[in-house]
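Note sheet for the following structure.
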Amino acid sequence: MGLRDSRGSLMRGGLVGLVVGAGVCYCVYRAASRKRKKEGPEEAGLKGESIHKEHKQRLGSIPEEAPVLDQSISSSTGQKDSSHLQQAGMNAPVSPDGLEVNHIQSLIYLLETVEDPLIQEQALITLSNSAAFSVNQDIIRNLGGLSVIGGMLSVPAANVKEKALNALNNLSMNIKNQEELKRYITQICEETSSSPLNSELQLAGLRFLTNMSLTNYYHHMMTSAIPGFLHLLLEGDERTQTQVLKVLVNLSANPAMTEHLLSAQAPFLLSLFDNSINKEVLLRVLVFATNLTQHMKKEESPTAFHHSEDSIFSMLRGDSPQRAQKLASLFHHHDTEVKEQVAKLVMQW
């Protein structure tokens, strides 16, 4: 026991204070952000917002922010405890912009040196919330934190992986960070496909991939994952379907990805053209189809007529009475956005 346990207690105590302080700062940030959004101009409906405005339609392409996590830790008296922070030689963060640099550095050091999954998870939660501030996204990168957080993806504990993905997701809202984070795209694609269906771990991976697909730079690194994305679209619940469609819509906005998407097998896709489908899912399916149809219209691939019957190409270009019937039915949808998107799609044929 003795000195080793004492140091361990101080380390855990310091983290408690960091977590509490970061939680307060982040709540202030979220409240201010919501106020700015309400006061600012409305977003353009279907086009969404992407880093490059010249891209095709991208529904829901505003950078994805990881969910806010409850990180309030109470003492035995039921009060939020930050006294251990001073015991560990650190002052409670007081900056309205998030954690101080030395606090972020301490959290990164914890991840490098501690193997306790609970501490790793708590440190990642705090870093994730801190990374919602743009200034901290740069600080974490400059302190070498991207590779440390990325290394947590190899930890066996699913909760640790999920929190690491949430942190990487917020960090990926920074262009310079994306240049370093691209190394994890293949690994996260594989993790997302193999994760339990509709799990928080799977959704965290999809949110990261949504941010990394906002520009065309890294689309080629997701090519092999397209069948897995389509499988999640078929088998997932509405949350999973919506999230994976955000990735697919972003990919479909890139003409260089058209052939890869058109050749993919998705015989079920037409079944999503239905009035009973959740609006967020239906709109994105329609935008996905519209983007691909526009690309096909502009440039016919040399192998265009060699796609299989179950391919997305055959669904979009074949003479299908069922497709015509479903689109005609969607013109009677109760939502105006849906009807407008159906019209845009029909105009491409």
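The chains in the structure tokens are called A, B, ... from first to last as shown; in each chain the residues are counted from 1, and the ligands are counted from 1 in the order shown.
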Quick one: everything within 12 Å of region 215-222 of chain A, counting only C-alpha atoms, minus sequence neighbours fewer than 3 positions away in the same chain. Send it as a ChimeraX atom specification. /A:49-56,58,61-63,172-175,178-190,192-193,206,209-212,225-229,247-261
Could you go through region 138-215 of chain A and tell me which residues DSSP, when run on the backbone, assigns to alpha helix (DSSP H), listing them as a tab-separated table (two decimals) with N, CA and C atoms, in the first residue's frame?
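The file below, part_38.tsv, is the result:
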```tsv
chain	number	residue	atom	x	y	z
A	138	ASP	N	-6.73	22.43	-31.39
A	138	ASP	CA	-5.34	22.70	-31.78
A	138	ASP	C	-4.38	22.33	-30.66
A	139	ILE	N	-4.75	22.64	-29.43
A	139	ILE	CA	-3.87	22.36	-28.28
A	139	ILE	C	-3.64	20.86	-28.16
A	140	ILE	N	-4.69	20.08	-28.25
A	140	ILE	CA	-4.56	18.62	-28.12
A	140	ILE	C	-3.66	18.07	-29.22
A	141	ARG	N	-3.80	18.58	-30.44
A	141	ARG	CA	-2.92	18.14	-31.52
A	141	ARG	C	-1.46	18.51	-31.23
A	142	ASN	N	-1.24	19.74	-30.82
A	142	ASN	CA	0.13	20.20	-30.58
A	142	ASN	C	0.80	19.49	-29.41
A	145	GLY	N	-1.67	14.69	-28.58
A	145	GLY	CA	-2.80	13.93	-28.06
A	145	GLY	C	-3.57	13.11	-29.07
A	146	LEU	N	-3.48	13.46	-30.36
A	146	LEU	CA	-4.26	12.72	-31.37
A	146	LEU	C	-3.84	11.25	-31.42
A	147	SER	N	-2.54	11.01	-31.43
A	147	SER	CA	-2.06	9.62	-31.51
A	147	SER	C	-2.32	8.87	-30.20
A	148	VAL	N	-2.28	9.58	-29.08
A	148	VAL	CA	-2.56	8.94	-27.79
A	148	VAL	C	-4.02	8.52	-27.72
A	149	ILE	N	-4.93	9.42	-28.11
A	149	ILE	CA	-6.35	9.08	-28.11
A	149	ILE	C	-6.63	8.00	-29.15
A	150	GLY	N	-6.01	8.11	-30.32
A	150	GLY	CA	-6.18	7.09	-31.34
A	150	GLY	C	-5.72	5.72	-30.87
A	151	GLY	N	-4.70	5.71	-30.02
A	151	GLY	CA	-4.21	4.44	-29.49
A	151	GLY	C	-5.23	3.73	-28.62
A	158	ALA	N	-14.96	-1.99	-24.66
A	158	ALA	CA	-15.82	-1.29	-25.63
A	158	ALA	C	-16.12	0.13	-25.19
A	159	ASN	N	-16.32	0.35	-23.89
A	159	ASN	CA	-16.63	1.69	-23.40
A	159	ASN	C	-15.49	2.66	-23.64
A	160	VAL	N	-14.27	2.17	-23.51
A	160	VAL	CA	-13.09	3.01	-23.75
A	160	VAL	C	-13.01	3.36	-25.23
A	161	LYS	N	-13.22	2.38	-26.09
A	161	LYS	CA	-13.22	2.62	-27.54
A	161	LYS	C	-14.26	3.66	-27.93
A	162	GLU	N	-15.46	3.51	-27.36
A	162	GLU	CA	-16.54	4.44	-27.68
A	162	GLU	C	-16.17	5.87	-27.29
A	163	LYS	N	-15.61	6.04	-26.08
A	163	LYS	CA	-15.25	7.38	-25.63
A	163	LYS	C	-14.08	7.93	-26.44
A	164	ALA	N	-13.18	7.06	-26.88
A	164	ALA	CA	-12.08	7.49	-27.75
A	164	ALA	C	-12.63	7.99	-29.08
A	165	LEU	N	-13.61	7.27	-29.62
A	165	LEU	CA	-14.23	7.69	-30.88
A	165	LEU	C	-14.97	9.01	-30.73
A	166	ASN	N	-15.63	9.21	-29.59
A	166	ASN	CA	-16.29	10.49	-29.35
A	166	ASN	C	-15.29	11.63	-29.34
A	167	ALA	N	-14.14	11.40	-28.71
A	167	ALA	CA	-13.10	12.43	-28.66
A	167	ALA	C	-12.55	12.69	-30.06
A	168	LEU	N	-12.26	11.63	-30.81
A	168	LEU	CA	-11.74	11.78	-32.17
A	168	LEU	C	-12.75	12.47	-33.06
A	169	ASN	N	-14.02	12.20	-32.81
A	169	ASN	CA	-15.07	12.84	-33.59
A	169	ASN	C	-15.03	14.36	-33.42
A	170	ASN	N	-14.97	14.83	-32.19
A	170	ASN	CA	-14.90	16.27	-31.96
A	170	ASN	C	-13.59	16.85	-32.50
A	171	LEU	N	-12.52	16.12	-32.36
A	171	LEU	CA	-11.23	16.59	-32.86
A	171	LEU	C	-11.21	16.65	-34.39
A	175	ILE	N	-9.59	20.89	-39.67
A	175	ILE	CA	-8.97	20.41	-40.91
A	175	ILE	C	-7.55	19.87	-40.68
A	176	LYS	N	-6.75	20.59	-39.88
A	176	LYS	CA	-5.39	20.12	-39.60
A	176	LYS	C	-5.40	18.79	-38.85
A	177	ASN	N	-6.37	18.64	-37.95
A	177	ASN	CA	-6.48	17.38	-37.23
A	177	ASN	C	-6.85	16.24	-38.17
A	178	GLN	N	-7.70	16.53	-39.15
A	178	GLN	CA	-8.10	15.49	-40.09
A	178	GLN	C	-6.90	14.91	-40.84
A	179	GLU	N	-5.92	15.75	-41.12
A	179	GLU	CA	-4.73	15.28	-41.83
A	179	GLU	C	-4.00	14.20	-41.04
A	180	GLU	N	-4.05	14.28	-39.71
A	180	GLU	CA	-3.42	13.26	-38.88
A	180	GLU	C	-4.37	12.11	-38.58
A	181	LEU	N	-5.65	12.42	-38.45
A	181	LEU	CA	-6.62	11.40	-38.07
A	181	LEU	C	-6.97	10.45	-39.21
A	185	ILE	N	-8.90	5.90	-40.32
A	185	ILE	CA	-10.15	5.69	-41.08
A	185	ILE	C	-10.40	4.21	-41.34
A	186	THR	N	-9.41	3.50	-41.85
A	186	THR	CA	-9.60	2.08	-42.17
A	186	THR	C	-9.94	1.28	-40.92
A	187	GLN	N	-9.21	1.55	-39.84
A	187	GLN	CA	-9.45	0.83	-38.59
A	187	GLN	C	-10.86	1.11	-38.07
A	188	ILE	N	-11.30	2.36	-38.16
A	188	ILE	CA	-12.62	2.71	-37.65
A	188	ILE	C	-13.72	2.17	-38.55
A	189	CYS	N	-13.48	2.10	-39.84
A	189	CYS	CA	-14.45	1.46	-40.74
A	189	CYS	C	-14.65	0.00	-40.35
A	190	GLU	N	-13.55	-0.69	-40.06
A	190	GLU	CA	-13.64	-2.09	-39.67
A	190	GLU	C	-14.31	-2.24	-38.31
A	191	GLU	N	-13.97	-1.36	-37.39
A	191	GLU	CA	-14.57	-1.41	-36.05
A	191	GLU	C	-16.08	-1.16	-36.13
A	192	THR	N	-16.46	-0.21	-36.97
A	192	THR	CA	-17.87	0.13	-37.11
A	192	THR	C	-18.67	-1.04	-37.67
A	193	SER	N	-18.12	-1.72	-38.65
A	193	SER	CA	-18.82	-2.86	-39.26
A	193	SER	C	-18.94	-4.04	-38.32
A	194	SER	N	-17.93	-4.23	-37.46
A	194	SER	CA	-17.91	-5.41	-36.58
A	194	SER	C	-18.53	-5.15	-35.21
A	200	GLU	N	-23.83	2.06	-29.25
A	200	GLU	CA	-23.24	3.39	-29.15
A	200	GLU	C	-21.85	3.41	-29.77
A	201	LEU	N	-21.14	2.30	-29.66
A	201	LEU	CA	-19.81	2.21	-30.26
A	201	LEU	C	-19.91	2.35	-31.77
A	202	GLN	N	-20.88	1.68	-32.36
A	202	GLN	CA	-21.07	1.75	-33.81
A	202	GLN	C	-21.46	3.16	-34.25
A	203	LEU	N	-22.35	3.79	-33.52
A	203	LEU	CA	-22.78	5.15	-33.85
A	203	LEU	C	-21.63	6.14	-33.71
A	204	ALA	N	-20.79	5.94	-32.71
A	204	ALA	CA	-19.63	6.83	-32.53
A	204	ALA	C	-18.69	6.74	-33.72
A	205	GLY	N	-18.49	5.51	-34.22
A	205	GLY	CA	-17.65	5.33	-35.40
A	205	GLY	C	-18.24	6.00	-36.62
A	206	LEU	N	-19.55	5.89	-36.79
A	206	LEU	CA	-20.22	6.51	-37.94
A	206	LEU	C	-20.16	8.03	-37.87
A	207	ARG	N	-20.26	8.58	-36.66
A	207	ARG	CA	-20.15	10.04	-36.54
A	207	ARG	C	-18.76	10.53	-36.94
A	208	PHE	N	-17.74	9.80	-36.54
A	208	PHE	CA	-16.38	10.16	-36.94
A	208	PHE	C	-16.24	10.10	-38.46
A	209	LEU	N	-16.75	9.04	-39.07
A	209	LEU	CA	-16.64	8.87	-40.52
A	209	LEU	C	-17.45	9.94	-41.26
A	210	THR	N	-18.55	10.39	-40.65
A	210	THR	CA	-19.32	11.48	-41.26
A	210	THR	C	-18.47	12.74	-41.36
A	211	ASN	N	-17.78	13.09	-40.28
A	211	ASN	CA	-16.92	14.27	-40.31
A	211	ASN	C	-15.76	14.11	-41.28
A	212	MET	N	-15.18	12.93	-41.31
A	212	MET	CA	-14.03	12.71	-42.20
A	212	MET	C	-14.45	12.65	-43.67
```
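Closest approach to Glu309 (chain A) from the set A:Ser329, A:Ala324, A:Phe288, A:Ala264 is made by A:Ala264, with distances taken over only C-alpha atoms.
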Pick out the residues sitting within 9 Å of Val285 (chain A), and hand them over as a PyMOL selection string; count only C-alpha atoms, and ignore anything fewer than 3 positions along from it in its own chain. chain A and resi 245+248-249+269+272-273+280-282+288-290
Write the selection just made, keeping all heavy atoms, as a compact mmCIF listing (two decimals), in the first residue's frame?
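Contents of result_35.txt, freshly written:
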```txt
# COMPACT_ATOMS: atom_id res chain seq x y z
N LEU A 245 -26.37 6.91 -43.50
CA LEU A 245 -26.76 7.64 -44.71
C LEU A 245 -26.02 8.98 -44.82
O LEU A 245 -25.75 9.46 -45.92
CB LEU A 245 -28.27 7.86 -44.75
CG LEU A 245 -29.08 6.70 -45.33
CD1 LEU A 245 -30.56 6.86 -45.03
CD2 LEU A 245 -28.85 6.57 -46.84
N LEU A 248 -22.93 7.98 -46.53
CA LEU A 248 -23.19 7.61 -47.93
C LEU A 248 -23.55 8.83 -48.79
O LEU A 248 -23.13 8.91 -49.95
CB LEU A 248 -24.33 6.58 -47.99
CG LEU A 248 -23.97 5.17 -47.50
CD1 LEU A 248 -25.23 4.31 -47.34
CD2 LEU A 248 -22.97 4.51 -48.45
N VAL A 249 -24.30 9.76 -48.23
CA VAL A 249 -24.63 10.98 -48.98
C VAL A 249 -23.36 11.78 -49.26
O VAL A 249 -23.17 12.29 -50.37
CB VAL A 249 -25.66 11.83 -48.22
CG1 VAL A 249 -25.77 13.23 -48.83
CG2 VAL A 249 -27.02 11.16 -48.25
N LEU A 269 -32.70 -1.28 -51.64
CA LEU A 269 -32.73 0.18 -51.60
C LEU A 269 -34.08 0.76 -51.99
O LEU A 269 -34.56 1.72 -51.40
CB LEU A 269 -31.64 0.75 -52.51
CG LEU A 269 -31.26 2.21 -52.27
CD1 LEU A 269 -30.75 2.42 -50.86
CD2 LEU A 269 -30.20 2.66 -53.28
N LEU A 272 -36.86 1.46 -49.45
CA LEU A 272 -36.80 2.64 -48.59
C LEU A 272 -37.52 3.84 -49.21
O LEU A 272 -37.72 4.86 -48.55
CB LEU A 272 -35.35 3.01 -48.30
CG LEU A 272 -34.53 1.96 -47.54
CD1 LEU A 272 -33.09 2.42 -47.37
CD2 LEU A 272 -35.16 1.66 -46.18
N PHE A 273 -37.90 3.72 -50.49
CA PHE A 273 -38.69 4.77 -51.15
C PHE A 273 -40.15 4.57 -50.79
O PHE A 273 -40.98 4.20 -51.60
CB PHE A 273 -38.52 4.67 -52.67
CG PHE A 273 -37.19 5.15 -53.19
CD1 PHE A 273 -36.01 4.79 -52.57
CD2 PHE A 273 -37.13 5.96 -54.30
CE1 PHE A 273 -34.79 5.22 -53.05
CE2 PHE A 273 -35.92 6.41 -54.81
CZ PHE A 273 -34.73 6.04 -54.16
N GLU A 280 -36.22 11.45 -41.84
CA GLU A 280 -34.78 11.71 -41.91
C GLU A 280 -34.06 10.66 -42.75
O GLU A 280 -33.11 10.96 -43.46
CB GLU A 280 -34.18 11.75 -40.50
CG GLU A 280 -34.72 12.86 -39.63
CD GLU A 280 -34.52 14.24 -40.27
OE1 GLU A 280 -33.42 14.51 -40.76
OE2 GLU A 280 -35.48 15.03 -40.27
N VAL A 281 -34.53 9.44 -42.67
CA VAL A 281 -33.97 8.36 -43.49
C VAL A 281 -34.38 8.55 -44.95
O VAL A 281 -33.55 8.49 -45.86
CB VAL A 281 -34.43 6.98 -42.97
CG1 VAL A 281 -33.98 5.86 -43.91
CG2 VAL A 281 -33.90 6.75 -41.56
N LEU A 282 -35.67 8.78 -45.17
CA LEU A 282 -36.20 8.91 -46.53
C LEU A 282 -35.54 10.06 -47.29
O LEU A 282 -35.15 9.91 -48.45
CB LEU A 282 -37.71 9.10 -46.47
CG LEU A 282 -38.45 9.30 -47.80
CD1 LEU A 282 -38.18 8.14 -48.75
CD2 LEU A 282 -39.94 9.47 -47.56
N PHE A 288 -29.20 10.82 -51.75
CA PHE A 288 -28.19 9.85 -52.20
C PHE A 288 -28.47 9.42 -53.64
O PHE A 288 -27.57 9.45 -54.50
CB PHE A 288 -28.25 8.64 -51.26
CG PHE A 288 -27.35 7.49 -51.63
CD1 PHE A 288 -25.97 7.60 -51.51
CD2 PHE A 288 -27.89 6.29 -52.08
CE1 PHE A 288 -25.14 6.53 -51.84
CE2 PHE A 288 -27.08 5.23 -52.41
CZ PHE A 288 -25.70 5.34 -52.29
N ALA A 289 -29.71 9.07 -53.93
CA ALA A 289 -30.08 8.65 -55.28
C ALA A 289 -29.96 9.80 -56.28
O ALA A 289 -29.51 9.61 -57.42
CB ALA A 289 -31.51 8.10 -55.28
N THR A 290 -30.33 11.00 -55.85
CA THR A 290 -30.24 12.16 -56.74
C THR A 290 -28.81 12.47 -57.11
O THR A 290 -28.49 12.74 -58.29
CB THR A 290 -30.89 13.40 -56.07
OG1 THR A 290 -32.26 13.10 -55.76
CG2 THR A 290 -30.85 14.61 -56.99
```
Neighbours of Met347 (chain A) within 10 Å (only C-alpha atoms; same-chain residues fewer than 2 positions away dropped), as a compact mmCIF listing (two decimals) with C-alpha atoms, in the first residue's frame?
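Just written: result_33.txt:
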```
# COMPACT_ATOMS: atom_id res chain seq x y z
CA THR A 290 -30.24 12.16 -56.74
CA THR A 293 -28.21 10.00 -60.87
CA GLN A 294 -26.76 13.44 -61.59
CA GLN A 341 -36.61 16.04 -53.24
CA VAL A 342 -38.67 13.47 -55.17
CA ALA A 343 -39.19 16.11 -57.87
CA LYS A 344 -35.45 16.75 -58.07
CA LEU A 345 -34.78 13.05 -58.46
CA TRP A 349 -34.31 10.81 -65.51
```
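Near region 275-279 of chain A, within a cut-off of 8 Å and counting only C-alpha atoms, sit the residues Glu238, Ser329, Leu330, His333 and Val338 of chain A, with same-chain residues fewer than 5 positions away left out.
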Which residue is closest to Val244 (chain A)? Choose from A:Glu100, A:Arg284, A:Asn291, A:Ile108 and count only C-alpha atoms. A:Arg284
Nearest-residue call for Val101 (chain A), choices A:Ser213, A:Thr240, A:Ser271, A:Gln137, using only C-alpha atoms: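 Looking only at the distances to Val101 (chain A), the closest residue turns out to be A:Gln137.
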Do a neighbour search on Ala123 (chain A) at 9 Å with only C-alpha atoms, toss out local chain neighbours closer than 2 positions, and write the hits as a PDB file with N, CA, C and O atoms, in the first residue's frame.
```
ATOM      1  N   LEU A  15      -8.223  13.749 -11.485  1.00  0.00           N
ATOM      2  CA  LEU A  15      -9.116  13.545 -12.628  1.00  0.00           C
ATOM      3  C   LEU A  15     -10.548  13.899 -12.282  1.00  0.00           C
ATOM      4  O   LEU A  15     -11.277  14.474 -13.096  1.00  0.00           O
ATOM      5  N   LEU A  18     -10.871  17.591 -12.636  1.00  0.00           N
ATOM      6  CA  LEU A  18     -10.838  17.978 -14.052  1.00  0.00           C
ATOM      7  C   LEU A  18     -12.177  17.694 -14.716  1.00  0.00           C
ATOM      8  O   LEU A  18     -12.690  18.497 -15.489  1.00  0.00           O
ATOM      9  N   VAL A  19     -12.730  16.537 -14.425  1.00  0.00           N
ATOM     10  CA  VAL A  19     -13.999  16.162 -15.037  1.00  0.00           C
ATOM     11  C   VAL A  19     -15.107  17.121 -14.644  1.00  0.00           C
ATOM     12  O   VAL A  19     -15.886  17.588 -15.471  1.00  0.00           O
ATOM     13  N   LEU A 107      -4.195  15.067 -18.701  1.00  0.00           N
ATOM     14  CA  LEU A 107      -5.125  14.039 -19.153  1.00  0.00           C
ATOM     15  C   LEU A 107      -4.497  13.147 -20.217  1.00  0.00           C
ATOM     16  O   LEU A 107      -4.682  11.931 -20.218  1.00  0.00           O
ATOM     17  N   ILE A 108      -3.759  13.749 -21.118  1.00  0.00           N
ATOM     18  CA  ILE A 108      -3.062  12.963 -22.145  1.00  0.00           C
ATOM     19  C   ILE A 108      -2.042  12.038 -21.496  1.00  0.00           C
ATOM     20  O   ILE A 108      -1.901  10.867 -21.875  1.00  0.00           O
ATOM     21  N   LEU A 110      -2.220  10.814 -18.502  1.00  0.00           N
ATOM     22  CA  LEU A 110      -2.970   9.726 -17.866  1.00  0.00           C
ATOM     23  C   LEU A 110      -3.239   8.602 -18.857  1.00  0.00           C
ATOM     24  O   LEU A 110      -3.070   7.424 -18.546  1.00  0.00           O
ATOM     25  N   LEU A 111      -3.671   8.972 -20.049  1.00  0.00           N
ATOM     26  CA  LEU A 111      -3.975   7.954 -21.063  1.00  0.00           C
ATOM     27  C   LEU A 111      -2.737   7.163 -21.452  1.00  0.00           C
ATOM     28  O   LEU A 111      -2.824   5.976 -21.788  1.00  0.00           O
ATOM     29  N   LEU A 118     -11.526   2.459 -16.253  1.00  0.00           N
ATOM     30  CA  LEU A 118     -12.396   3.495 -15.702  1.00  0.00           C
ATOM     31  C   LEU A 118     -11.731   4.870 -15.808  1.00  0.00           C
ATOM     32  O   LEU A 118     -12.368   5.854 -16.210  1.00  0.00           O
ATOM     33  N   ILE A 119     -10.449   4.931 -15.456  1.00  0.00           N
ATOM     34  CA  ILE A 119      -9.719   6.199 -15.567  1.00  0.00           C
ATOM     35  C   ILE A 119      -9.584   6.600 -17.028  1.00  0.00           C
ATOM     36  O   ILE A 119      -9.755   7.779 -17.384  1.00  0.00           O
ATOM     37  N   GLN A 120      -9.280   5.639 -17.897  1.00  0.00           N
ATOM     38  CA  GLN A 120      -9.161   5.936 -19.330  1.00  0.00           C
ATOM     39  C   GLN A 120     -10.465   6.514 -19.866  1.00  0.00           C
ATOM     40  O   GLN A 120     -10.474   7.506 -20.603  1.00  0.00           O
ATOM     41  N   GLU A 121     -11.577   5.894 -19.466  1.00  0.00           N
ATOM     42  CA  GLU A 121     -12.886   6.341 -19.947  1.00  0.00           C
ATOM     43  C   GLU A 121     -13.182   7.756 -19.473  1.00  0.00           C
ATOM     44  O   GLU A 121     -13.641   8.608 -20.252  1.00  0.00           O
ATOM     45  N   ILE A 125     -13.674  11.150 -21.748  1.00  0.00           N
ATOM     46  CA  ILE A 125     -14.892  11.962 -21.695  1.00  0.00           C
ATOM     47  C   ILE A 125     -14.527  13.434 -21.552  1.00  0.00           C
ATOM     48  O   ILE A 125     -15.070  14.304 -22.244  1.00  0.00           O
ATOM     49  N   THR A 126     -13.593  13.717 -20.651  1.00  0.00           N
ATOM     50  CA  THR A 126     -13.199  15.102 -20.415  1.00  0.00           C
ATOM     51  C   THR A 126     -12.519  15.701 -21.639  1.00  0.00           C
ATOM     52  O   THR A 126     -12.791  16.840 -22.030  1.00  0.00           O
ATOM     53  N   LEU A 127     -11.640  14.928 -22.275  1.00  0.00           N
ATOM     54  CA  LEU A 127     -10.968  15.406 -23.485  1.00  0.00           C
ATOM     55  C   LEU A 127     -11.956  15.599 -24.624  1.00  0.00           C
ATOM     56  O   LEU A 127     -11.838  16.542 -25.411  1.00  0.00           O
ATOM     57  N   SER A 128     -12.939  14.714 -24.709  1.00  0.00           N
ATOM     58  CA  SER A 128     -13.950  14.832 -25.759  1.00  0.00           C
ATOM     59  C   SER A 128     -14.732  16.126 -25.611  1.00  0.00           C
ATOM     60  O   SER A 128     -14.935  16.870 -26.577  1.00  0.00           O
TER      61      SER A 128
END
```
Could you check the closest approach to Leu153 (chain A) for each of A:His334, A:Val135, A:Leu124, A:Phe313 and tell me which residue wins, using only C-alpha atoms?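 So, comparing all the options, the nearest one is A:Leu124.
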